[in-house]
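Text of data.cif (mmCIF, C-alpha atoms and all ligand atoms) as supplied:
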```cif
data_start
#
loop_
_atom_site.label_atom_id
_atom_site.label_comp_id
_atom_site.auth_asym_id
_atom_site.auth_seq_id
_atom_site.Cartn_x
_atom_site.Cartn_y
_atom_site.Cartn_z
CA MET A 1 68.62 -46.53 -46.08
CA ASN A 2 69.34 -49.50 -48.26
CA PHE A 3 69.12 -53.02 -46.75
CA GLU A 4 69.45 -55.09 -49.94
CA LYS A 5 72.60 -57.00 -48.93
CA SER A 6 71.23 -57.70 -45.45
CA LYS A 7 68.01 -59.04 -46.96
CA LYS A 8 69.96 -61.47 -49.14
CA ALA A 9 72.22 -62.46 -46.25
CA PHE A 10 69.20 -63.13 -44.05
CA GLU A 11 67.57 -65.30 -46.72
CA GLU A 12 70.75 -67.33 -47.00
CA ALA A 13 71.14 -67.60 -43.21
CA ASN A 14 67.55 -68.82 -42.89
CA LYS A 15 68.36 -71.83 -45.06
CA TYR A 16 70.88 -73.15 -42.58
CA ILE A 17 70.28 -71.55 -39.19
CA PRO A 18 66.91 -71.73 -37.37
CA GLY A 19 65.36 -68.31 -37.88
CA GLY A 20 68.63 -67.19 -39.48
CA VAL A 21 70.15 -66.34 -36.09
CA ASN A 22 72.08 -67.90 -33.26
CA SER A 23 70.04 -66.17 -30.55
CA PRO A 24 66.32 -65.39 -31.03
CA VAL A 25 66.04 -61.62 -30.42
CA ARG A 26 68.61 -60.94 -33.15
CA ALA A 27 66.01 -61.93 -35.76
CA PHE A 28 64.06 -58.66 -35.15
CA LYS A 29 60.88 -60.75 -35.33
CA ALA A 30 59.09 -58.67 -32.69
CA VAL A 31 59.54 -55.55 -34.81
CA ASN A 32 58.96 -57.41 -38.06
CA ILE A 33 61.91 -56.12 -40.08
CA THR A 34 64.97 -57.74 -41.62
CA PRO A 35 67.91 -57.44 -39.23
CA PRO A 36 70.88 -55.54 -40.63
CA PHE A 37 73.87 -57.85 -40.92
CA ILE A 38 76.75 -56.21 -39.12
CA LYS A 39 80.28 -56.27 -40.44
CA GLU A 40 82.26 -54.07 -38.07
CA GLY A 41 82.21 -51.73 -35.12
CA LYS A 42 84.34 -48.89 -33.87
CA GLY A 43 83.76 -46.94 -30.66
CA SER A 44 80.04 -46.20 -30.39
CA LYS A 45 79.24 -47.10 -34.01
CA ILE A 46 78.44 -50.25 -35.93
CA TYR A 47 78.32 -50.67 -39.70
CA ASP A 48 76.21 -53.12 -41.70
CA ILE A 49 77.05 -54.88 -44.96
CA ASP A 50 75.03 -52.33 -46.95
CA GLY A 51 77.26 -49.56 -45.61
CA ASN A 52 74.75 -48.07 -43.14
CA GLU A 53 76.15 -46.56 -39.95
CA TYR A 54 74.39 -46.76 -36.59
CA ILE A 55 74.96 -45.44 -33.10
CA ASP A 56 74.97 -48.70 -31.18
CA TYR A 57 72.98 -48.92 -27.92
CA VAL A 58 72.99 -52.72 -27.81
CA GLY A 59 76.73 -53.12 -27.27
CA SER A 60 76.50 -56.87 -27.85
CA TRP A 61 73.72 -56.94 -25.21
CA GLY A 62 75.82 -55.38 -22.50
CA PRO A 63 79.45 -56.50 -22.61
CA LEU A 64 80.86 -53.53 -24.54
CA ILE A 65 80.83 -50.89 -21.81
CA LEU A 66 83.95 -49.36 -23.42
CA GLY A 67 82.55 -49.52 -26.96
CA HIS A 68 83.84 -51.43 -29.97
CA CYS A 69 87.55 -51.98 -30.58
CA ARG A 70 88.82 -50.25 -27.48
CA PRO A 71 92.55 -50.04 -28.38
CA GLU A 72 93.88 -51.49 -25.09
CA VAL A 73 91.55 -54.49 -25.40
CA MET A 74 92.37 -55.08 -29.07
CA ASN A 75 96.12 -54.83 -28.51
CA ALA A 76 96.01 -57.21 -25.55
CA LEU A 77 93.98 -59.67 -27.62
CA LYS A 78 96.45 -59.47 -30.51
CA SER A 79 99.38 -60.36 -28.31
CA SER A 80 97.41 -63.13 -26.56
CA VAL A 81 96.24 -64.78 -29.77
CA GLU A 82 99.83 -65.16 -30.94
CA LYS A 83 100.49 -67.47 -28.00
CA SER A 84 97.66 -69.86 -29.04
CA THR A 85 93.91 -69.79 -28.59
CA SER A 86 93.44 -72.27 -25.76
CA PHE A 87 95.32 -74.70 -23.54
CA GLY A 88 92.83 -76.35 -21.20
CA ALA A 89 95.55 -75.99 -18.58
CA PRO A 90 96.02 -73.44 -15.79
CA THR A 91 97.21 -69.97 -16.83
CA GLU A 92 98.18 -67.01 -14.65
CA ILE A 93 95.64 -64.69 -16.23
CA GLU A 94 92.80 -66.82 -14.76
CA THR A 95 94.05 -65.99 -11.27
CA GLU A 96 94.33 -62.35 -12.26
CA MET A 97 90.71 -62.37 -13.38
CA ALA A 98 89.59 -64.12 -10.18
CA LYS A 99 91.51 -61.61 -8.05
CA LEU A 100 90.02 -58.64 -9.90
CA ILE A 101 86.50 -59.97 -9.33
CA CYS A 102 87.09 -60.86 -5.66
CA ASP A 103 88.69 -57.46 -4.97
CA ALA A 104 85.86 -55.59 -6.68
CA VAL A 105 82.95 -57.47 -5.11
CA PRO A 106 83.54 -58.19 -1.41
CA SER A 107 80.84 -60.91 -1.14
CA VAL A 108 82.84 -62.95 -3.64
CA GLU A 109 85.73 -64.75 -1.94
CA MET A 110 86.29 -67.39 -4.62
CA VAL A 111 85.11 -67.55 -8.21
CA ARG A 112 84.84 -70.16 -10.96
CA MET A 113 84.89 -69.16 -14.64
CA VAL A 114 82.44 -70.63 -17.14
CA ASN A 115 81.48 -69.71 -20.72
CA SER A 116 78.13 -67.91 -20.49
CA GLY A 117 75.63 -66.38 -18.11
CA THR A 118 73.42 -69.43 -18.60
CA GLU A 119 76.18 -71.70 -17.33
CA ALA A 120 76.91 -69.39 -14.41
CA THR A 121 73.33 -69.40 -13.06
CA MET A 122 72.82 -73.09 -13.80
CA SER A 123 75.98 -73.99 -11.89
CA ALA A 124 75.12 -71.61 -9.04
CA LEU A 125 71.80 -73.42 -8.56
CA ARG A 126 73.47 -76.82 -8.47
CA LEU A 127 75.90 -75.55 -5.88
CA ALA A 128 73.12 -73.98 -3.78
CA ARG A 129 71.10 -77.18 -3.86
CA ALA A 130 74.09 -79.29 -2.92
CA TYR A 131 75.17 -76.92 -0.15
CA THR A 132 71.75 -76.68 1.49
CA GLY A 133 70.59 -80.22 0.70
CA ARG A 134 67.31 -78.67 -0.48
CA GLU A 135 65.55 -78.71 -3.83
CA ILE A 136 63.34 -75.67 -4.33
CA ILE A 137 64.53 -72.60 -6.20
CA VAL A 138 62.61 -69.33 -6.15
CA LYS A 139 62.91 -67.00 -9.13
CA PHE A 140 61.01 -63.85 -10.05
CA ILE A 141 58.49 -63.49 -12.84
CA GLY A 142 60.01 -61.59 -15.77
CA ASN A 143 63.58 -62.13 -14.59
CA TYR A 144 65.79 -63.98 -17.06
CA HIS A 145 68.74 -66.07 -15.98
CA GLY A 146 69.65 -67.83 -19.22
CA HIS A 147 68.02 -70.85 -20.81
CA SER A 148 68.79 -73.78 -18.50
CA ASP A 149 65.71 -75.92 -17.80
CA CYS A 150 65.16 -75.00 -14.15
CA LEU A 151 65.21 -71.29 -14.88
CA LEU A 152 63.24 -71.14 -18.10
CA VAL A 153 60.03 -70.51 -16.21
CA LYS A 154 58.07 -67.26 -16.53
CA ALA A 155 61.27 -65.83 -17.97
CA GLY A 156 61.93 -62.41 -19.47
CA SER A 157 64.13 -61.38 -22.43
CA GLY A 158 63.63 -63.19 -25.76
CA ALA A 159 61.40 -65.75 -24.05
CA LEU A 160 59.00 -62.96 -23.18
CA THR A 161 59.43 -61.04 -26.45
CA HIS A 162 58.54 -64.14 -28.44
CA GLY A 163 55.67 -65.13 -26.17
CA THR A 164 57.21 -68.27 -24.68
CA PRO A 165 58.16 -67.42 -21.10
CA ASP A 166 57.69 -71.15 -20.39
CA SER A 167 59.37 -73.21 -23.10
CA PRO A 168 58.14 -76.55 -24.37
CA GLY A 169 60.79 -79.23 -23.90
CA VAL A 170 61.37 -78.39 -20.27
CA PRO A 171 60.21 -81.45 -18.28
CA ALA A 172 57.45 -80.70 -15.75
CA ASP A 173 59.34 -82.88 -13.29
CA ILE A 174 62.35 -80.57 -13.43
CA VAL A 175 60.47 -77.31 -12.97
CA LYS A 176 58.25 -78.61 -10.20
CA ASN A 177 60.99 -77.37 -7.89
CA THR A 178 61.04 -73.87 -9.35
CA ILE A 179 58.67 -71.38 -7.74
CA SER A 180 57.95 -68.10 -9.53
CA ALA A 181 57.44 -65.12 -7.23
CA LYS A 182 56.29 -61.59 -7.94
CA TYR A 183 59.11 -59.07 -8.29
CA ASN A 184 59.12 -56.31 -5.67
CA ASP A 185 56.26 -57.98 -3.77
CA VAL A 186 57.14 -58.63 -0.11
CA GLU A 187 53.81 -60.28 0.70
CA ASP A 188 54.13 -62.83 -2.09
CA LEU A 189 57.61 -63.79 -0.95
CA LYS A 190 56.45 -64.05 2.67
CA ASN A 191 53.70 -66.48 1.65
CA ILE A 192 56.06 -68.59 -0.42
CA PHE A 193 58.52 -68.88 2.48
CA ALA A 194 55.74 -69.62 4.94
CA ALA A 195 54.64 -72.55 2.77
CA HIS A 196 58.01 -73.89 1.51
CA GLY A 197 60.79 -72.09 3.41
CA ASP A 198 62.40 -75.20 4.88
CA ASN A 199 62.94 -76.68 1.45
CA ILE A 200 64.06 -73.54 -0.40
CA ALA A 201 67.69 -73.93 -1.47
CA ALA A 202 68.00 -70.46 -2.94
CA VAL A 203 66.33 -67.38 -4.30
CA ILE A 204 67.82 -65.96 -7.48
CA ILE A 205 67.20 -62.36 -8.49
CA GLU A 206 68.19 -59.77 -11.06
CA PRO A 207 68.88 -56.80 -8.73
CA VAL A 208 67.93 -54.46 -11.54
CA ALA A 209 65.86 -56.55 -13.90
CA GLY A 210 67.05 -55.88 -17.44
CA ASN A 211 64.97 -58.50 -19.17
CA MET A 212 61.53 -56.93 -18.87
CA GLY A 213 62.84 -53.53 -19.88
CA VAL A 214 64.58 -51.98 -16.89
CA VAL A 215 62.95 -52.57 -13.53
CA PRO A 216 64.97 -51.97 -10.38
CA SER A 217 64.15 -53.91 -7.25
CA THR A 218 63.42 -51.58 -4.36
CA LYS A 219 65.90 -51.31 -1.49
CA GLU A 220 63.20 -52.46 0.93
CA PHE A 221 62.51 -55.52 -1.20
CA MET A 222 66.19 -56.46 -1.45
CA THR A 223 66.69 -56.01 2.30
CA PHE A 224 63.63 -58.13 3.02
CA LEU A 225 64.87 -60.79 0.59
CA ARG A 226 68.23 -61.00 2.38
CA ASP A 227 66.55 -61.18 5.77
CA ILE A 228 64.05 -63.87 4.91
CA THR A 229 66.63 -66.06 3.15
CA ASN A 230 68.86 -65.77 6.23
CA THR A 231 65.97 -66.66 8.52
CA TYR A 232 65.17 -69.83 6.60
CA GLY A 233 68.78 -70.82 5.82
CA SER A 234 68.26 -70.39 2.07
CA LEU A 235 70.97 -68.90 -0.13
CA LEU A 236 70.61 -65.59 -1.92
CA ILE A 237 71.97 -65.66 -5.48
CA ILE A 238 72.31 -62.29 -7.16
CA ASP A 239 72.44 -62.50 -10.93
CA GLU A 240 74.78 -59.68 -11.96
CA VAL A 241 75.29 -61.01 -15.47
CA MET A 242 73.98 -57.71 -16.82
CA THR A 243 74.54 -55.34 -13.91
CA GLY A 244 77.99 -56.53 -12.78
CA PHE A 245 80.69 -53.91 -13.52
CA ARG A 246 78.02 -51.87 -15.35
CA LEU A 247 76.03 -50.14 -12.62
CA SER A 248 79.12 -49.85 -10.45
CA TYR A 249 82.57 -51.40 -10.35
CA HIS A 250 81.41 -53.18 -7.19
CA GLY A 251 78.20 -54.54 -8.68
CA ALA A 252 74.56 -53.62 -8.20
CA GLN A 253 74.87 -55.31 -4.82
CA SER A 254 76.99 -52.40 -3.60
CA LEU A 255 74.17 -49.99 -4.50
CA TYR A 256 71.78 -52.05 -2.39
CA ASN A 257 74.31 -52.69 0.33
CA VAL A 258 73.37 -56.36 0.26
CA ASP A 259 75.66 -59.30 0.94
CA PRO A 260 74.61 -62.28 -1.23
CA ASP A 261 75.88 -65.85 -0.84
CA ILE A 262 76.55 -66.37 -4.54
CA THR A 263 76.88 -63.89 -7.44
CA CYS A 264 76.73 -64.67 -11.15
CA PHE A 265 78.61 -62.67 -13.76
CA ALA A 266 79.10 -62.67 -17.55
CA LYS A 267 79.07 -60.01 -20.30
CA ILE A 268 81.47 -57.19 -19.21
CA ILE A 269 83.93 -59.56 -17.53
CA GLY A 270 84.60 -61.09 -20.97
CA GLY A 271 85.06 -57.79 -22.80
CA GLY A 272 82.96 -59.14 -25.68
CA LEU A 273 84.27 -62.71 -25.70
CA PRO A 274 82.21 -65.68 -24.46
CA VAL A 275 82.38 -65.81 -20.69
CA GLY A 276 80.55 -66.34 -17.40
CA ALA A 277 81.47 -66.77 -13.75
CA TYR A 278 79.93 -67.63 -10.42
CA GLY A 279 81.46 -66.83 -7.09
CA GLY A 280 80.66 -66.34 -3.45
CA LYS A 281 81.49 -67.25 0.09
CA ARG A 282 84.53 -69.48 0.49
CA LYS A 283 82.67 -72.05 2.60
CA ILE A 284 80.16 -72.48 -0.21
CA MET A 285 82.58 -72.33 -3.16
CA GLU A 286 84.83 -74.97 -1.54
CA ASN A 287 82.18 -77.54 -2.37
CA ILE A 288 82.97 -77.34 -6.08
CA SER A 289 85.00 -80.13 -7.70
CA PRO A 290 87.92 -80.90 -7.38
CA LEU A 291 87.90 -79.43 -3.86
CA GLY A 292 84.42 -80.76 -3.13
CA SER A 293 81.96 -83.08 -4.80
CA VAL A 294 79.72 -80.68 -6.75
CA TYR A 295 80.68 -81.36 -10.34
CA GLN A 296 81.06 -78.58 -12.87
CA ALA A 297 83.61 -78.32 -15.68
CA GLY A 298 84.38 -76.71 -19.05
CA THR A 299 86.74 -77.41 -21.97
CA LEU A 300 87.14 -73.71 -22.71
CA SER A 301 86.48 -72.26 -19.24
CA GLY A 302 88.99 -69.54 -18.39
CA ASN A 303 89.93 -69.33 -22.07
CA PRO A 304 93.01 -67.10 -22.47
CA LEU A 305 91.44 -64.80 -25.08
CA ALA A 306 88.29 -64.27 -23.01
CA MET A 307 90.40 -63.69 -19.89
CA THR A 308 92.60 -61.21 -21.74
CA ALA A 309 89.70 -59.15 -23.06
CA GLY A 310 87.97 -59.30 -19.68
CA VAL A 311 90.99 -58.50 -17.51
CA THR A 312 91.94 -55.57 -19.75
CA THR A 313 88.38 -54.21 -19.58
CA LEU A 314 88.15 -54.61 -15.80
CA ARG A 315 91.54 -52.95 -15.27
CA LEU A 316 90.48 -49.95 -17.33
CA LEU A 317 87.24 -49.67 -15.34
CA LYS A 318 89.11 -49.99 -12.07
CA GLU A 319 91.73 -47.41 -12.89
CA ASN A 320 89.36 -44.78 -14.30
CA ALA A 321 86.56 -44.02 -11.85
CA LYS A 322 85.51 -41.21 -14.17
CA ILE A 323 84.23 -43.79 -16.66
CA TYR A 324 81.18 -44.51 -14.50
CA GLU A 325 80.59 -40.81 -13.88
CA ALA A 326 80.76 -40.07 -17.60
CA ILE A 327 78.38 -42.89 -18.52
CA GLU A 328 75.94 -41.80 -15.82
CA GLU A 329 76.00 -38.24 -17.10
CA LYS A 330 75.40 -39.28 -20.73
CA SER A 331 72.62 -41.67 -19.76
CA LYS A 332 70.95 -38.98 -17.68
CA ARG A 333 71.03 -36.62 -20.64
CA LEU A 334 69.37 -39.23 -22.82
CA GLU A 335 66.67 -39.80 -20.19
CA GLU A 336 65.99 -36.09 -19.83
CA GLY A 337 66.06 -35.50 -23.58
CA PHE A 338 63.58 -38.33 -24.26
CA LYS A 339 61.25 -37.12 -21.50
CA ASP A 340 61.41 -33.59 -22.79
CA ASN A 341 60.59 -34.71 -26.35
CA ALA A 342 57.63 -36.80 -25.22
CA SER A 343 56.21 -33.99 -23.14
CA LYS A 344 56.60 -31.49 -26.02
CA LEU A 345 54.72 -33.90 -28.29
CA GLY A 346 52.16 -34.91 -25.67
CA ILE A 347 53.04 -38.64 -25.80
CA ASP A 348 52.77 -40.82 -22.69
CA ILE A 349 55.99 -42.60 -21.95
CA ILE A 350 57.66 -43.95 -18.87
CA ILE A 351 61.43 -44.12 -18.68
CA ASN A 352 63.14 -46.39 -16.21
CA ARG A 353 66.86 -45.86 -15.86
CA VAL A 354 69.53 -47.07 -13.52
CA GLY A 355 72.98 -45.82 -14.52
CA SER A 356 73.67 -46.81 -18.12
CA MET A 357 70.67 -49.17 -18.37
CA LEU A 358 67.59 -47.45 -19.74
CA CYS A 359 64.19 -48.44 -21.11
CA LEU A 360 61.45 -46.35 -22.67
CA TYR A 361 57.95 -47.83 -22.22
CA PHE A 362 54.88 -46.68 -24.12
CA THR A 363 52.56 -46.57 -21.14
CA LYS A 364 51.18 -44.13 -18.57
CA ASN A 365 51.74 -46.56 -15.71
CA ASP A 366 54.65 -46.67 -13.37
CA VAL A 367 56.65 -49.84 -14.27
CA HIS A 368 57.80 -51.76 -11.20
CA ASP A 369 57.12 -55.43 -12.02
CA PHE A 370 56.20 -57.83 -14.79
CA ASP A 371 52.50 -56.93 -15.03
CA SER A 372 53.16 -53.21 -15.19
CA ALA A 373 55.91 -53.75 -17.82
CA LEU A 374 53.33 -55.57 -19.95
CA THR A 375 51.12 -52.47 -20.06
CA SER A 376 53.53 -50.96 -22.60
CA ASP A 377 52.16 -50.88 -26.15
CA THR A 378 54.53 -53.17 -28.06
CA ALA A 379 52.99 -52.26 -31.46
CA VAL A 380 53.91 -48.63 -30.84
CA PHE A 381 57.36 -49.72 -29.70
CA ALA A 382 57.84 -51.63 -33.00
CA LYS A 383 57.06 -48.50 -34.99
CA TYR A 384 59.31 -46.39 -32.77
CA PHE A 385 62.12 -48.90 -33.15
CA GLU A 386 61.86 -48.83 -36.95
CA GLU A 387 61.95 -45.04 -37.04
CA MET A 388 64.99 -44.95 -34.76
CA LEU A 389 66.78 -47.43 -37.00
CA LYS A 390 66.05 -45.24 -40.02
CA GLU A 391 67.54 -42.34 -38.04
CA GLY A 392 70.72 -44.39 -37.61
CA VAL A 393 70.15 -45.39 -33.99
CA TYR A 394 70.47 -49.10 -33.24
CA LEU A 395 68.34 -50.04 -30.23
CA SER A 396 67.40 -53.39 -28.83
CA PRO A 397 64.58 -54.69 -31.07
CA SER A 398 62.36 -55.55 -28.13
CA GLN A 399 60.35 -53.57 -25.64
CA PHE A 400 61.56 -55.89 -22.92
CA GLU A 401 65.28 -55.20 -23.12
CA SER A 402 67.51 -52.43 -21.86
CA ILE A 403 69.54 -50.09 -23.98
CA PHE A 404 73.16 -49.83 -22.91
CA VAL A 405 75.12 -46.59 -22.92
CA SER A 406 78.88 -47.02 -23.23
CA TYR A 407 81.91 -44.90 -22.46
CA ALA A 408 82.46 -44.63 -26.22
CA HIS A 409 79.23 -42.69 -26.81
CA THR A 410 80.19 -39.10 -27.62
CA ASP A 411 78.32 -35.90 -26.78
CA GLU A 412 77.47 -35.70 -30.45
CA ASP A 413 75.99 -39.24 -30.36
CA ILE A 414 73.81 -38.28 -27.41
CA GLU A 415 72.56 -35.10 -29.10
CA LYS A 416 71.90 -36.96 -32.34
CA THR A 417 70.01 -39.69 -30.46
CA ILE A 418 67.81 -37.15 -28.68
CA ARG A 419 66.99 -35.52 -32.04
CA ALA A 420 66.28 -38.94 -33.56
CA ASN A 421 64.00 -39.74 -30.63
CA TYR A 422 62.05 -36.53 -31.28
CA ASN A 423 61.64 -37.34 -34.97
CA ALA A 424 60.65 -40.96 -34.24
CA LEU A 425 58.13 -40.00 -31.55
CA LYS A 426 56.63 -37.40 -33.88
CA LYS A 427 55.97 -40.10 -36.49
CA LEU A 428 53.87 -41.96 -33.90
CA LEU A 429 51.33 -39.18 -33.65
N1 LIG B 1 71.28 -63.56 -16.55
C1 LIG B 1 70.94 -62.33 -16.97
C2 LIG B 1 70.52 -61.30 -15.98
C3 LIG B 1 71.00 -62.01 -18.32
O1 LIG B 1 70.67 -60.78 -18.72
C4 LIG B 1 71.42 -63.00 -19.24
C5 LIG B 1 71.52 -62.74 -20.74
N2 LIG B 1 71.12 -61.55 -21.20
C6 LIG B 1 71.75 -64.27 -18.75
C7 LIG B 1 71.68 -64.51 -17.40
C8 LIG B 1 72.21 -65.35 -19.68
O2 LIG B 1 73.49 -65.08 -20.15
P1 LIG B 1 74.02 -65.74 -21.51
O3 LIG B 1 73.20 -65.19 -22.61
O4 LIG B 1 75.46 -65.33 -21.55
O5 LIG B 1 73.86 -67.22 -21.36
#
```
Rewrite the coordinates I just gave you, this time as structure tokens.
Amino acid sequence: MNFEKSKKAFEEANKYIPGGVNSPVRAFKAVNITPPFIKEGKGSKIYDIDGNEYIDYVGSWGPLILGHCRPEVMNALKSSVEKSTSFGAPTEIETEMAKLICDAVPSVEMVRMVNSGTEATMSALRLARAYTGREIIVKFIGNYHGHSDCLLVKAGSGALTHGTPDSPGVPADIVKNTISAKYNDVEDLKNIFAAHGDNIAAVIIEPVAGNMGVVPSTKEFMTFLRDITNTYGSLLIIDEVMTGFRLSYHGAQSLYNVDPDITCFAKIIGGGLPVGAYGGKRKIMENISPLGSVYQAGTLSGNPLAMTAGVTTLRLLKENAKIYEAIEEKSKRLEEGFKDNASKLGIDIIINRVGSMLCLYFTKNDVHDFDSALTSDTAVFAKYFEEMLKEGVYLSPSQFESIFVSYAHTDEDIEKTIRANYNALKKLL
């Protein structure tokens, strides 16, 4: 594979953009190779400026559950863009989006659109603090909820990949009200509530953590979390930025049968355009300005292009239940194929998968929390990643991210990926 044009493009980008990228993990620093510069995508494939083709398992980090350039989405966008790009005034499609979300996720009775997952979680915390009149927020170690100050504490994703789970520049005074708890650890949560329960505004959780690889919370843990937050009058915020409309049309919360107070969304609901949303119980959401006094706003919130791509994507997901079945089946085949390869070659791996989110760890240990995720050998992952790229398979360039299977992945893609996995694993021996 030739990467000459990408190398030049990266050099040029580095002159003007910190690290050459607009979001850290894109720099491929953890795997120490030049990132291919992408010029287009179609279905399950992406193409770089040197003409290399890849099977894409990043899918823009989750939004593209239907693959690139899904015709219905592209056609809807084309007709929307002809009517202007933005108004900053109410449009009917915003209500359509809100209705789709509220109908799909019963715990959400009202919803406010924002522009990213970061904004969604940040705004949800403000609302929870205002509603409860309390200050403390509990988050889980290795969960990532975007880069707002309060939440950039012991965070996963790029923060973890690049060794800065606590970022400089976040005032100690601000994070003194953020408590980090151990994921899937009932005892730890019990102790935290025993000590601070009366001042805990909310607990925020990734129901299936996708920012330290893929680590599902257990049903027992989620049930306990709901119970203890109810007991102490704290809100439960479920961050479904990654899982929402991916693990089920009704959210990961439907798989856990849990009824949160607030849910955060992003990614899939924007169909690949910048978007976020937070929603929940009417009595809580009514506190947001202009109905209530909790201020939160956005010049481009509810942007017509983002709403168009999102609404079209959600409608397709709603009307075709077989999409989720198909993605589950393909993801399962990948999981089984990878496991089979590793056992043939005698390599220790652990695969965690929930629906179309999957992570392969280079460890012998069961991965159920942050510490066990860290037992994976990231140097081996880097080599594996490079070999997969050479095989034409584009994975997330970090051990601590999920790969995302889309409806556009074909049987042939899955077979090719399993063969590539065998070849890549073999090179590790
Ligand atoms: N929450 C979760 C669970 C996420 O995975 C992410 C991003 N991957 C965010 C929040 C932040 O979203 P954004 O990057 O759109 O700000």
* Asked: Could you pull the residues within 12 Å of Ser167 of chain A, counting only C-alpha atoms, minus those fewer than 6 positions along the same chain, as a list of chain:residue names?
  ->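 My reading of the contact set: A:His147, A:Ser148, A:Asp149, A:Cys150, A:Leu151, A:Leu152, A:Val153, A:Lys154, A:Ala155, A:Gly156, A:Gly158, A:Ala159, A:Leu160, A:Val175.
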Could you write out that same residue set with C-alpha atoms as a PDB file, in the coordinates of the input?
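again_13.pdb written:
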```
ATOM      1  CA  HIS A 147      68.020 -70.850 -20.810  1.00  0.00           C
ATOM      2  CA  SER A 148      68.790 -73.780 -18.500  1.00  0.00           C
ATOM      3  CA  ASP A 149      65.710 -75.920 -17.800  1.00  0.00           C
ATOM      4  CA  CYS A 150      65.160 -75.000 -14.150  1.00  0.00           C
ATOM      5  CA  LEU A 151      65.210 -71.290 -14.880  1.00  0.00           C
ATOM      6  CA  LEU A 152      63.240 -71.140 -18.100  1.00  0.00           C
ATOM      7  CA  VAL A 153      60.030 -70.510 -16.210  1.00  0.00           C
ATOM      8  CA  LYS A 154      58.070 -67.260 -16.530  1.00  0.00           C
ATOM      9  CA  ALA A 155      61.270 -65.830 -17.970  1.00  0.00           C
ATOM     10  CA  GLY A 156      61.930 -62.410 -19.470  1.00  0.00           C
ATOM     11  CA  GLY A 158      63.630 -63.190 -25.760  1.00  0.00           C
ATOM     12  CA  ALA A 159      61.400 -65.750 -24.050  1.00  0.00           C
ATOM     13  CA  LEU A 160      59.000 -62.960 -23.180  1.00  0.00           C
ATOM     14  CA  VAL A 175      60.470 -77.310 -12.970  1.00  0.00           C
TER      15      VAL A 175
END
```
- What's the 9 Å shell around Leu127 of chain A, counting all atoms listed in the file, without same-chain residues fewer than 5 positions away, as a PyMOL selection string? chain A and resi 122+132+284-285+287-288+294-295
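Here atom CA of Ala420 of chain A stands at a distance of 8.1 Å from atom CA of Gly392 of chain A.
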Query raised in the report: Which one is closest to ligand LIG 1 (chain B): A:Leu317, A:Met307, A:Cys264, A:Ala342? Count all atoms listed in the file.
Result: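 The answer is A:Cys264, which sits nearest to ligand LIG 1 (chain B).
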For segment 207-210 of chain A, work out the shell of residues within 7 Å, counting all atoms listed in the file and skipping chain neighbours fewer than 3 positions away, then give it as number ranges by chain.
A: 143, 213-217, 238, 252, 401-402
Requested in this report: Please give me, as a PyMOL selection string, the residues lying within 6 Å of ligand LIG 1 (chain B) when counting only C-alpha atoms and all ligand atoms.
Outcome: chain A and resi 116-118+144-146+206+239+241-242
- Message: Excluding Thr85 of chain A and its own-chain neighbours fewer than 2 positions away, which residues fall within 9 Å of it when counting all atoms listed in the file? Please give them as a count of residues only.
- Response: 8
Margin query: With distances taken over all atoms listed in the file, which residue among A:Asn199, A:Glu335, A:Ala120, A:Gly310 lies nearest Glu96 of chain A?
Written below: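 The closest residue to Glu96 of chain A is A:Gly310.
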Show which residues sit within 7 Å of Ala306 of chain A, as a short mmCIF file (atom, residue, chain, number, x, y, z; two decimals) with C-alpha atoms, keeping the file's coordinate frame. Count only C-alpha atoms, and ignore same-chain residues fewer than 6 positions away.
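That gives us part23.cif:
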```cif
data_model
loop_
_atom_site.label_atom_id
_atom_site.label_comp_id
_atom_site.auth_asym_id
_atom_site.auth_seq_id
_atom_site.Cartn_x
_atom_site.Cartn_y
_atom_site.Cartn_z
CA GLY A 270 84.60 -61.09 -20.97
CA LEU A 273 84.27 -62.71 -25.70
CA PRO A 274 82.21 -65.68 -24.46
CA VAL A 275 82.38 -65.81 -20.69
#
```
ask   = Expressed in Å to a single decimal, how great is the separation between atom CA of Arg333 of chain A and atom CA of Pro36 of chain A?
value =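 Atom CA of Arg333 of chain A sits 27.5 Å away from atom CA of Pro36 of chain A.
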Please indicate the distance in Å from atom CA of Ala379 of chain A to atom CA of Ile33 of chain A, rounded to one decimal place.
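The value is 13.0 Å.
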Counting only C-alpha atoms, the residue among A:Ile228, A:Ala297, A:Leu429, A:Ile414 that lies closest to Lys332 of chain A is A:Ile414
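Shortest separation to Asn257 of chain A among A:Ala373, A:Ala424, A:Met110, A:Val105 occurs at residue A:Val105, atoms counted being all atoms listed in the file.
Each of A:Pro24, A:Gly279, A:Gly142, A:Gly272 was compared to Ile101 of chain A using only C-alpha atoms, and A:Gly279 turns out to be the nearest.
Between Ile38 of chain A and the candidates A:Gln296, A:Ser6, A:Thr229, A:Glu72, the tightest atom-to-atom separation, counting only C-alpha atoms, involves A:Ser6.
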